[in-house]
>>> print(open('coords-v9.txt').read())   # compact mmCIF, C-alpha atoms
# COMPACT_ATOMS: atom_id res chain seq x y z
CA MET I 1 0.00 0.00 0.00
CA ALA I 2 2.91 2.36 0.67
CA ALA I 3 3.71 2.35 -3.04
CA MET I 4 0.21 3.39 -4.10
CA GLN I 5 -0.41 6.99 -5.07
CA THR I 6 -2.79 8.75 -2.70
CA PRO I 7 -5.53 9.74 -2.35
CA PHE I 8 -7.56 6.54 -2.65
CA TYR I 9 -10.55 4.90 -1.01
CA LEU I 10 -9.63 1.50 0.39
CA ILE I 11 -12.44 -1.05 0.79
CA ASP I 12 -11.52 -3.81 3.23
CA LYS I 13 -13.25 -6.97 2.04
CA PRO I 14 -12.91 -8.91 5.34
CA ALA I 15 -14.64 -6.01 7.14
CA LEU I 16 -17.31 -5.90 4.45
CA ARG I 17 -17.84 -9.63 4.88
CA ARG I 18 -18.51 -9.17 8.60
CA ASN I 19 -21.33 -6.75 7.82
CA MET I 20 -22.68 -9.00 5.09
CA GLU I 21 -22.73 -11.98 7.45
CA GLN I 22 -24.74 -9.95 9.97
CA ILE I 23 -27.22 -9.04 7.25
CA ALA I 24 -27.50 -12.68 6.18
CA ARG I 25 -28.03 -13.71 9.80
CA LEU I 26 -30.83 -11.17 10.21
CA ARG I 27 -32.48 -12.25 6.95
CA GLU I 28 -32.45 -15.90 7.95
CA ALA I 29 -33.70 -15.35 11.50
CA SER I 30 -36.44 -12.83 10.65
CA GLY I 31 -37.61 -13.69 7.15
CA ALA I 32 -37.13 -10.04 6.18
CA LYS I 33 -35.35 -9.16 2.93
CA ALA I 34 -32.44 -6.72 2.64
CA LEU I 35 -31.89 -4.31 -0.24
CA LEU I 36 -28.71 -2.26 -0.62
CA ALA I 37 -29.56 1.47 -0.57
CA LEU I 38 -27.63 2.87 -3.52
CA LYS I 39 -28.05 6.46 -2.36
CA CYS I 40 -25.58 5.58 0.39
CA PHE I 41 -23.18 3.26 -1.41
CA ALA I 42 -23.01 2.50 -5.12
CA THR I 43 -19.44 1.27 -5.65
CA TRP I 44 -20.37 -1.52 -7.99
CA SER I 45 -16.96 -3.19 -8.05
CA VAL I 46 -17.99 -5.08 -4.88
CA PHE I 47 -21.58 -5.83 -5.93
CA ASP I 48 -20.61 -9.31 -7.11
CA PHE I 49 -19.50 -10.04 -3.55
CA MET I 50 -22.42 -8.34 -1.77
CA ARG I 51 -25.17 -9.93 -3.85
CA ASP I 52 -24.55 -13.31 -2.23
CA TYR I 53 -25.72 -11.85 1.09
CA MET I 54 -28.51 -9.47 0.02
CA ASP I 55 -31.75 -9.59 -1.95
CA GLY I 56 -31.23 -6.68 -4.33
CA THR I 57 -31.10 -2.90 -4.42
CA THR I 58 -33.27 0.11 -3.77
CA SER I 59 -32.77 3.36 -5.63
CA SER I 60 -33.64 7.04 -5.51
CA SER I 61 -33.28 7.91 -9.19
CA LEU I 62 -33.34 6.44 -12.66
CA PHE I 63 -29.55 6.15 -12.87
CA GLU I 64 -29.30 4.36 -9.51
CA LEU I 65 -32.11 2.05 -10.59
CA ARG I 66 -30.33 1.16 -13.82
CA LEU I 67 -27.04 0.58 -12.00
CA GLY I 68 -28.73 -1.75 -9.54
CA ARG I 69 -30.39 -3.74 -12.32
CA GLU I 70 -27.27 -3.99 -14.48
CA GLU I 71 -24.54 -4.51 -11.88
CA PHE I 72 -26.24 -6.03 -8.81
CA GLY I 73 -29.21 -7.83 -10.31
CA LYS I 74 -31.77 -9.63 -8.16
CA GLU I 75 -34.72 -7.56 -6.91
CA THR I 76 -34.89 -3.84 -7.75
CA HIS I 77 -37.05 -1.28 -5.97
CA ALA I 78 -37.46 2.02 -7.79
CA TYR I 79 -38.24 5.12 -5.75
CA SER I 80 -38.01 8.79 -6.66
CA VAL I 81 -39.30 11.91 -4.97
CA ALA I 82 -40.75 12.75 -8.39
CA TRP I 83 -40.55 10.74 -11.61
CA ALA I 84 -40.40 12.75 -14.82
CA ASP I 85 -42.46 11.94 -17.89
CA HIS I 86 -39.36 11.04 -19.89
CA GLU I 87 -38.10 8.67 -17.16
CA ILE I 88 -41.09 6.56 -16.26
CA ASP I 89 -41.06 4.06 -19.14
CA GLU I 90 -37.37 3.28 -18.65
CA ALA I 91 -37.83 3.05 -14.88
CA VAL I 92 -40.67 0.56 -15.21
CA GLY I 93 -38.47 -1.49 -17.52
CA TYR I 94 -35.75 -1.86 -14.89
CA ALA I 95 -37.87 -2.20 -11.74
CA ASP I 96 -39.58 -5.07 -9.98
CA LYS I 97 -41.41 -2.65 -7.72
CA ILE I 98 -41.92 1.08 -8.24
CA ILE I 99 -42.64 3.28 -5.23
CA PHE I 100 -44.33 6.63 -5.73
CA ASN I 101 -43.75 9.49 -3.34
CA SER I 102 -47.23 10.93 -3.61
CA LEU I 103 -50.76 10.05 -4.58
CA SER I 104 -50.55 12.56 -7.42
CA GLN I 105 -47.53 10.73 -8.90
CA LEU I 106 -49.37 7.43 -8.60
CA ASP I 107 -52.37 8.96 -10.36
CA ARG I 108 -50.17 10.44 -13.09
CA PHE I 109 -48.34 7.22 -13.93
CA ASP I 110 -51.06 4.74 -12.99
CA ASN I 111 -51.36 3.17 -16.43
CA LYS I 112 -47.67 3.23 -17.30
CA ALA I 113 -46.72 1.37 -14.12
CA ALA I 114 -49.64 -1.05 -14.16
CA GLY I 115 -47.48 -3.97 -15.26
CA ILE I 116 -45.32 -4.16 -12.10
CA ALA I 117 -45.88 -4.03 -8.35
CA ARG I 118 -46.58 -0.50 -7.16
CA GLY I 119 -46.12 1.10 -3.78
CA LEU I 120 -46.47 4.42 -2.04
CA ARG I 121 -44.20 6.17 0.42
CA LEU I 122 -45.81 6.49 3.84
CA ASN I 123 -44.61 9.28 6.13
CA PRO I 124 -45.30 8.41 9.79
CA ARG I 125 -44.60 12.05 10.77
CA PHE I 126 -41.78 11.15 13.16
CA SER I 127 -38.17 10.02 12.75
CA THR I 128 -34.92 9.37 14.60
CA SER I 129 -32.96 11.99 12.65
CA GLY I 130 -31.13 14.60 14.71
CA PHE I 131 -30.61 16.81 11.66
CA ASP I 132 -33.39 18.98 10.27
CA LEU I 133 -31.67 18.74 6.89
CA ALA I 134 -32.21 14.97 6.80
CA ASP I 135 -35.43 14.69 8.78
CA PRO I 136 -38.16 13.19 6.57
CA ALA I 137 -40.76 14.22 9.16
CA ARG I 138 -39.74 17.88 9.31
CA PRO I 139 -42.56 20.45 9.07
CA PHE I 140 -44.11 20.59 5.59
CA SER I 141 -42.12 17.52 4.51
CA ARG I 142 -42.66 16.55 0.89
CA LEU I 143 -41.58 12.97 1.54
CA GLY I 144 -44.56 10.66 1.42
CA GLU I 145 -48.24 10.51 2.26
CA TRP I 146 -49.66 10.23 5.78
CA ASP I 147 -53.34 11.15 5.60
CA LEU I 148 -55.43 7.99 5.88
CA SER I 149 -58.07 9.25 3.48
CA ARG I 150 -55.44 9.84 0.79
CA LEU I 151 -53.84 6.46 1.46
CA GLU I 152 -57.26 4.86 1.09
CA GLN I 153 -57.51 6.26 -2.44
CA ALA I 154 -54.43 4.26 -3.40
CA MET I 155 -55.29 0.92 -1.84
CA ASP I 156 -56.77 -0.68 -4.94
CA ARG I 157 -53.60 0.13 -6.91
CA ILE I 158 -50.70 -0.55 -4.54
CA SER I 159 -49.39 -3.74 -2.97
CA GLY I 160 -47.00 -2.15 -0.47
CA VAL I 161 -45.58 0.92 1.21
CA MET I 162 -42.12 2.22 2.02
CA ILE I 163 -41.63 3.90 5.42
CA HIS I 164 -38.26 5.58 5.94
CA TYR I 165 -37.92 7.12 9.39
CA ASN I 166 -34.70 5.80 10.96
CA CYS I 167 -31.34 7.56 10.80
CA GLU I 168 -28.29 5.89 12.38
CA ASN I 169 -30.66 4.46 14.97
CA ARG I 170 -28.61 2.32 17.35
CA ASP I 171 -31.40 2.06 19.93
CA PHE I 172 -33.48 -1.09 19.47
CA ASP I 173 -36.03 -0.05 22.09
CA LEU I 174 -36.63 3.19 20.19
CA PHE I 175 -37.07 1.24 16.95
CA ASP I 176 -39.48 -1.11 18.72
CA SER I 177 -41.62 1.67 20.18
CA GLN I 178 -41.78 3.59 16.91
CA LEU I 179 -42.74 0.50 14.94
CA THR I 180 -45.48 -0.11 17.50
CA ARG I 181 -46.70 3.42 16.86
CA ILE I 182 -46.79 2.73 13.12
CA GLU I 183 -48.69 -0.52 13.73
CA THR I 184 -51.23 1.30 15.89
CA GLU I 185 -51.83 4.24 13.56
CA PHE I 186 -51.63 2.49 10.19
CA GLY I 187 -52.50 -1.10 11.06
CA GLU I 188 -55.71 -1.16 9.07
CA ILE I 189 -53.73 -0.15 5.99
CA LEU I 190 -50.80 -2.51 6.60
CA LYS I 191 -52.92 -5.67 6.91
CA ARG I 192 -54.26 -5.08 3.39
CA LEU I 193 -50.77 -5.02 1.84
CA ASP I 194 -48.35 -7.68 0.55
CA TRP I 195 -45.06 -5.98 1.48
CA VAL I 196 -43.73 -3.17 3.67
CA SER I 197 -40.29 -1.61 3.40
CA LEU I 198 -39.08 -0.19 6.70
CA GLY I 199 -36.29 1.72 4.98
CA GLY I 200 -32.74 2.08 6.21
CA GLY I 201 -31.02 3.80 9.09
CA ILE I 202 -31.13 0.87 11.55
CA HIS I 203 -27.59 0.43 12.82
CA PHE I 204 -27.89 -3.32 13.31
CA THR I 205 -24.35 -4.18 12.18
CA GLY I 206 -22.91 -1.96 14.91
CA GLU I 207 -21.09 -3.48 17.85
CA GLY I 208 -23.42 -4.72 20.58
CA TYR I 209 -26.67 -4.27 18.63
CA PRO I 210 -29.27 -6.86 19.79
CA ILE I 211 -29.75 -8.39 16.37
CA ASP I 212 -31.73 -11.37 17.70
CA ARG I 213 -34.30 -9.05 19.25
CA LEU I 214 -34.54 -7.16 15.98
CA ALA I 215 -35.09 -10.43 14.11
CA ASP I 216 -37.87 -11.46 16.50
CA ARG I 217 -39.53 -8.05 16.19
CA LEU I 218 -39.45 -8.12 12.40
CA LYS I 219 -40.84 -11.65 12.33
CA ALA I 220 -43.68 -10.66 14.66
CA PHE I 221 -44.47 -7.64 12.46
CA GLN I 222 -44.64 -9.80 9.35
CA ASP I 223 -46.74 -12.46 11.03
CA ARG I 224 -49.19 -9.94 12.45
CA PHE I 225 -49.91 -8.19 9.15
CA GLY I 226 -49.17 -10.99 6.68
CA VAL I 227 -46.59 -8.94 4.79
CA GLN I 228 -43.06 -9.39 3.49
CA ALA I 229 -40.83 -6.92 5.29
CA TYR I 230 -37.90 -5.24 3.56
CA LEU I 231 -34.97 -3.40 5.08
CA GLU I 232 -32.83 -0.97 3.08
CA PRO I 233 -29.42 -1.03 4.78
CA GLY I 234 -27.04 1.60 3.47
CA GLU I 235 -24.68 2.57 6.28
CA ALA I 236 -25.35 -0.76 7.99
CA SER I 237 -23.99 -2.52 4.91
CA ILE I 238 -20.66 -0.72 4.72
CA THR I 239 -19.97 0.93 8.09
CA GLY I 240 -16.40 0.35 9.24
CA THR I 241 -15.29 -1.10 5.92
CA THR I 242 -13.57 1.71 4.04
CA SER I 243 -10.89 4.31 4.62
CA LEU I 244 -9.68 7.33 2.69
CA GLU I 245 -5.91 7.11 2.41
CA VAL I 246 -4.13 10.46 2.12
CA SER I 247 -0.59 11.87 2.28
CA VAL I 248 0.81 14.93 4.04
CA LEU I 249 1.88 17.64 1.58
CA ASP I 250 2.86 20.37 4.02
CA VAL I 251 2.96 21.11 7.74
CA ILE I 252 2.50 24.69 8.89
CA ASP I 253 2.31 26.41 12.25
CA ASN I 254 -0.14 29.30 12.44
CA GLY I 255 -0.51 29.04 16.18
CA LYS I 256 -1.70 25.49 15.64
CA GLN I 257 0.03 22.64 13.87
CA VAL I 258 -1.76 22.06 10.55
CA ALA I 259 -1.11 19.13 8.25
CA ILE I 260 -2.28 19.77 4.68
CA VAL I 261 -3.07 16.58 2.80
CA ASP I 262 -3.61 15.67 -0.85
CA SER I 263 -7.36 15.33 -0.43
CA SER I 264 -10.36 17.47 0.51
CA ILE I 265 -13.32 17.07 2.81
CA GLU I 266 -15.26 19.33 0.41
CA ALA I 267 -14.52 17.09 -2.56
CA HIS I 268 -14.04 13.64 -1.05
CA MET I 269 -16.07 13.48 2.20
CA LEU I 270 -18.72 16.06 1.47
CA ASP I 271 -21.40 14.59 3.72
CA LEU I 272 -19.29 15.41 6.78
CA LEU I 273 -18.96 19.02 5.71
CA ILE I 274 -22.69 19.32 5.04
CA TYR I 275 -23.53 18.08 8.53
CA ARG I 276 -20.60 19.89 10.14
CA GLU I 277 -19.07 16.72 11.47
CA THR I 278 -15.39 15.87 11.70
CA ALA I 279 -13.74 12.91 10.05
CA LYS I 280 -12.69 9.81 11.98
CA LEU I 281 -8.98 10.52 12.32
CA PRO I 282 -6.19 8.84 14.33
CA GLN I 283 -6.35 9.81 18.01
CA SER I 284 -3.35 8.02 19.50
CA GLY I 285 -0.25 9.91 20.62
CA ASP I 286 0.94 13.22 22.03
CA HIS I 287 1.36 15.13 18.76
CA GLU I 288 -1.79 17.02 17.80
CA TYR I 289 -2.52 18.37 14.32
CA GLN I 290 -5.41 19.86 12.45
CA VAL I 291 -5.75 17.84 9.25
CA ALA I 292 -6.81 20.08 6.38
CA GLY I 293 -7.57 19.64 2.69
CA LYS I 294 -5.77 21.22 -0.22
CA THR I 295 -8.62 23.22 -1.80
CA CYS I 296 -8.96 26.97 -1.48
CA LEU I 297 -12.09 26.62 0.70
CA ALA I 298 -11.12 28.08 4.09
CA GLY I 299 -13.21 25.50 5.92
CA ASP I 300 -11.75 22.51 4.07
CA ILE I 301 -10.77 20.85 7.35
CA PHE I 302 -11.11 17.16 8.20
CA GLY I 303 -10.65 17.74 11.93
CA ASP I 304 -8.11 17.35 14.72
CA ALA I 305 -5.95 14.25 15.07
CA ARG I 306 -3.22 12.90 17.32
CA PHE I 307 -0.16 10.91 16.28
CA PRO I 308 2.65 9.07 18.12
CA GLN I 309 5.34 10.98 16.19
CA PRO I 310 5.58 14.43 14.59
CA LEU I 311 4.21 14.42 11.06
CA GLN I 312 6.52 14.81 8.10
CA VAL I 313 5.82 15.58 4.46
CA GLY I 314 5.01 12.28 2.76
CA ASP I 315 3.50 10.61 5.83
CA ARG I 316 0.30 8.65 5.22
CA ILE I 317 -2.92 9.22 7.17
CA SER I 318 -5.88 6.84 7.15
CA ILE I 319 -9.33 8.39 7.57
CA ALA I 320 -11.90 5.83 8.68
CA ASP I 321 -15.52 5.25 7.58
CA ALA I 322 -15.17 6.77 4.14
CA ALA I 323 -17.81 4.76 2.28
CA GLY I 324 -21.36 5.73 3.25
CA TYR I 325 -22.70 8.93 1.66
CA THR I 326 -19.08 9.71 0.79
CA MET I 327 -18.00 7.93 -2.36
CA VAL I 328 -21.39 8.67 -3.95
CA LYS I 329 -20.90 12.41 -3.28
CA LYS I 330 -17.28 12.87 -4.38
CA ASN I 331 -16.79 15.74 -6.79
CA TRP I 332 -14.22 17.65 -8.80
CA PHE I 333 -14.13 20.88 -6.73
CA ASN I 334 -10.94 22.82 -7.47
CA GLY I 335 -10.01 20.11 -9.94
CA VAL I 336 -8.43 18.17 -7.08
CA ALA I 337 -7.51 14.64 -8.13
CA MET I 338 -10.34 12.21 -7.47
CA PRO I 339 -9.36 9.37 -5.12
CA ALA I 340 -8.81 6.04 -6.80
CA ILE I 341 -10.78 3.04 -5.54
CA ALA I 342 -8.92 0.01 -4.20
CA ILE I 343 -9.92 -3.24 -2.50
CA ARG I 344 -8.02 -5.14 0.17
CA GLU I 345 -8.62 -8.84 -0.44
CA ASP I 346 -8.83 -11.58 2.19
CA ASP I 347 -5.14 -12.44 1.76
CA GLY I 348 -4.12 -8.84 2.46
CA SER I 349 -3.28 -7.98 -1.13
CA ILE I 350 -4.57 -4.67 -2.49
CA ARG I 351 -5.77 -4.11 -6.02
CA THR I 352 -6.77 -0.85 -7.63
CA VAL I 353 -10.12 -1.19 -9.40
CA ARG I 354 -10.56 2.35 -10.70
CA GLU I 355 -8.52 5.51 -11.21
CA PHE I 356 -9.82 8.91 -12.31
CA PRO I 357 -7.35 10.70 -14.62
CA TYR I 358 -7.55 14.21 -16.07
CA GLU I 359 -9.76 12.94 -18.89
CA ASP I 360 -12.49 12.09 -16.38
CA TYR I 361 -12.35 15.60 -14.94
CA LYS I 362 -12.51 17.15 -18.40
CA SER I 363 -15.35 14.91 -19.55
CA SER I 364 -17.47 15.85 -16.54
CA LEU I 365 -17.75 19.35 -18.01
CA SER I 366 -18.10 20.76 -21.50
>>> encode(input="coords-v9.txt", output="structure tokens")
Amino acid sequence: MAAMQTPFYLIDKPALRRNMEQIARLREASGAKALLALKCFATWSVFDFMRDYMDGTTSSSLFELRLGREEFGKETHAYSVAWADHEIDEAVGYADKIIFNSLSQLDRFDNKAAGIARGLRLNPRFSTSGFDLADPARPFSRLGEWDLSRLEQAMDRISGVMIHYNCENRDFDLFDSQLTRIETEFGEILKRLDWVSLGGGIHFTGEGYPIDRLADRLKAFQDRFGVQAYLEPGEASITGTTSLEVSVLDVIDNGKQVAIVDSSIEAHMLDLLIYRETAKLPQSGDHEYQVAGKTCLAGDIFGDARFPQPLQVGDRISIADAAGYTMVKKNWFNGVAMPAIAIREDDGSIRTVREFPYEDYKSSLS
């Protein structure tokens, strides 16, 4: 790895396997199905490995839907906040199930989507999100229907609903109580359906999560309403599997030791900047540095780190958890070199699966 040119994302296949085995365990114990949420992770070079443990993919756009169909295969769920007229025929051609965000979209594309299973997004009007930006139940949310009279108008045309209300929810008891609330408020609707997607955001591959209790709860939910439950693990699929490998380009002292690296939080870990979170940096040692990116954005700062030895130009730094909502959001800001993508195999060998030369930067514009 020392010989590889940074920056690059490094996917650790043994770590990915651990998450996949947890997903497979939950599927077997609960009877629920698991779809990879492509909005979180769409690095298709590992789809051939992941598909052995999962049931398919769920998408948020036409391009994600097509990628899931072509590169992952298996079951494809097609969702969009709003399908366009020029997209719907192609979307129906790729999808096994199409989920409409609103009754008006279902009405609009009723005939075009009549040949496949149709669903509607249900908004329970609560969530576990701590960020207003990502809260699907925020005031005046456009994400899904909740009024029972409007849902009733769709019942003769849909076979399921998608309910996305969890966000990095590590608390099983909270999940349990909120699902009970959904059962109480929407039970009469649920028992008339064939399938219910409970979305993503359940952190069940995290250390110490009571996965057996989750399996029992999901099984009880399915038995009670006679439905097939789906989960849409995004972060749960890839948490703890990928790092962003960078190199120190300069060290300056402006009253604080600052290490400038050959990467950028703005360009390569944008989700952290959006939510004003710091990257997961090394925290072992007595030598403290602010790790900063190389773009001209003043706030292009990964965060503070600690190291056993003083940093030197050329030193490598590994930034953890660089897969979810990160690789899908990478961009060409400042024309900074896009990180390559590499995979660490079970035997420890590392292979580069994709590089992004100048031609890719140029072709992204016109």
>>> closest_residue(input="coords-v9.txt", among="I:Asn123, I:Pro210, I:Phe221, I:Arg108", to="Thr180 of chain I", atoms="only C-alpha atoms")
I:Phe221
>>> closest_residue(input="coords-v9.txt", among="I:Gly335, I:Gly201, I:Pro308, I:Pro136", to="Lys294 of chain I", atoms="only C-alpha atoms")
I:Gly335
>>> closest_residue(input="coords-v9.txt", among="I:Asn19, I:Asp132, I:Gly187, I:Leu103", to="Arg157 of chain I", atoms="only C-alpha atoms")
I:Leu103
>>> atom_distance(input="coords-v9.txt", atom1="atom CA of Trp83 of chain I", atom2="atom CA of Asp110 of chain I")
12.2 Å
>>> atom_distance(input="coords-v9.txt", atom1="atom CA of His77 of chain I", atom2="atom CA of Gly199 of chain I")
11.4 Å
>>> atom_distance(input="coords-v9.txt", atom1="atom CA of Thr239 of chain I", atom2="atom CA of Glu355 of chain I")
22.9 Å
>>> residues_around(input="coords-v9.txt", residues="Asp216 of chain I", least_positions_apart="5", cutoff="12 Å", atoms="all atoms listed in the file", output="ChimeraX atom specification")
/I:26-32,172,176,210-211,221-223
>>> residues_near_point(input="coords-v9.txt", point="(-36.1, 3.4, -14.1)", cutoff="7 Å", atoms="only C-alpha atoms", output="JSON, numbers by chain")
{"I": [62, 65, 66, 78, 87, 88, 90, 91, 92, 93, 94, 95]}
>>> closest_residue(input="coords-v9.txt", among="I:Ala134, I:Leu122, I:Ile158, I:Val291", to="Phe186 of chain I", atoms="only C-alpha atoms")
I:Leu122
